[in-house]
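K.L.:
Quick one: the structure is below, questions incoming.
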Amino acid sequence: MSMNEELQEVLGGSSVFRRRLRSVDDMTLMIKQGLPFQSLLALSIRTQVDVNKMGRILMIPARTLARRRKERRLTAAESDRLMRLARVFSRAIEVFGNSEKAAGWLNEPNRLLRNAAPIDILDTDIGVHSVETILGRIEYGVFS
């Protein structure tokens with residue numbers, strides 16, 4: 001499965017997107033147009049993170065999140081942050097073998113992150129980098 005297909009799948013698959021995103025250009029265009037709000041809900045379920053916490057991770061205030069739900073679309077900036085989170089989750093699935101184990105790992109405190117859960121630091125690019133580094137270490141068998 002290609003990276004685009006994996007990302008589309010963790011964001012809800014064809015039932016959310018109504019078309020196949022075949023290339024990076026397709027993904028880029030979709031992000032710029034704004035991802036469907038349903039993709040946020042799908043990732044929330046897959047990661048076992050409630051929607052309000054997902055909104056905080058994506059830096060979307062509660063009232064704005066409610067408005068996006070009504071509008072049924074995220075902004076380009078919100079979509080970009082959601083895609084970043086989906087990319088990390090896809091990587092965790094790749095490392096741990098399935099979405100349940102990946103979600104469990106993302107939600108558990110990690111010593112290398114000063115006992116923060118990986119999901120809690122994914123609100124910044126540097127946090128994403130730290131989590132991706134730990135996933136790489138786990139993949140290669142380095143004590144993490």
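Chain labels run A, B, ... following the order of the structure tokens; each chain numbers its residues from 1, and ligands are numbered from 1 in the order shown.
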Which residues are close to segment 111-114 of chain A, i.e. within 10 Å by only C-alpha atoms, leaving aside same-chain residues fewer than 6 positions away? Reply as a ChimeraX atom specification.

P.N.:
/A:120-121,127,130-131,134,144

K.L.:
Kindly provide the residues of segment 18-60 of chain A that approach segment 100-105 of chain A to within 8 Å, each paired with its closest atom pair and their distance in Å to one decimal, based on only C-alpha atoms, listed by chain and increasing number, as CSV.

P.N.:
```
residue,atom,partner,partner_atom,distance
A:Arg46,CA,A:Ala103,CA,7.1
A:Thr47,CA,A:Ala103,CA,4.7
A:Gln48,CA,A:Ala103,CA,6.3
```

K.L.:
Enumerate the residues of segment 105-138 of chain A with a DSSP assignment of alpha helix (DSSP H), computed from the backbone, and present them as a ChimeraX atom specification.

P.N.:
/A:105-107,125-138

K.L.:
Please write the residues from the selection above to a file, keeping C-alpha atoms, as a tab-separated table (two decimals), in the first residue's frame.

P.N.:
```tsv
chain	number	residue	atom	x	y	z
A	105	TRP	CA	1.45	3.26	22.19
A	106	LEU	CA	0.46	6.79	21.18
A	107	ASN	CA	-1.74	7.16	24.27
A	125	ASP	CA	6.49	20.03	14.47
A	126	ILE	CA	9.31	19.38	16.95
A	127	GLY	CA	7.00	17.05	18.89
A	128	VAL	CA	6.21	15.17	15.69
A	129	HIS	CA	9.93	14.86	14.97
A	130	SER	CA	10.56	13.47	18.47
A	131	VAL	CA	7.82	10.86	18.11
A	132	GLU	CA	9.03	9.86	14.64
A	133	THR	CA	12.56	9.48	16.01
A	134	ILE	CA	11.33	7.17	18.79
A	135	LEU	CA	9.33	5.13	16.27
A	136	GLY	CA	12.48	4.74	14.18
A	137	ARG	CA	14.41	3.57	17.22
A	138	ILE	CA	11.72	1.03	18.06
```

K.L.:
How close does each residue of segment 34-135 of chain A get to segment 8-23 of chain A, giving the shortest atom pair and distance in Å to one decimal for every residue with an atom at most 7 Å away, counting only C-alpha atoms, sorted by chain and residue number, as CSV?

P.N.:
```
residue,atom,partner,partner_atom,distance
A:Gln38,CA,A:Val16,CA,6.3
A:Ser39,CA,A:Leu11,CA,4.6
A:Leu40,CA,A:Leu11,CA,6.8
A:Ala42,CA,A:Gly12,CA,5.1
A:Leu43,CA,A:Leu11,CA,5.3
A:Ala86,CA,A:Val10,CA,6.6
```

K.L.:
Counting only C-alpha atoms, which of A:Met59, A:Val51, A:Ala66, A:Leu7 gets nearest to Arg84 of chain A?

P.N.:
A:Leu7

K.L.:
Which one is closest to Arg56 of chain A: A:Leu82, A:Val95, A:Ala116, A:Leu35? Count only C-alpha atoms.

P.N.:
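Of A:Leu82, A:Val95, A:Ala116, A:Leu35, the one nearest Arg56 of chain A is A:Leu82, counting only C-alpha atoms.
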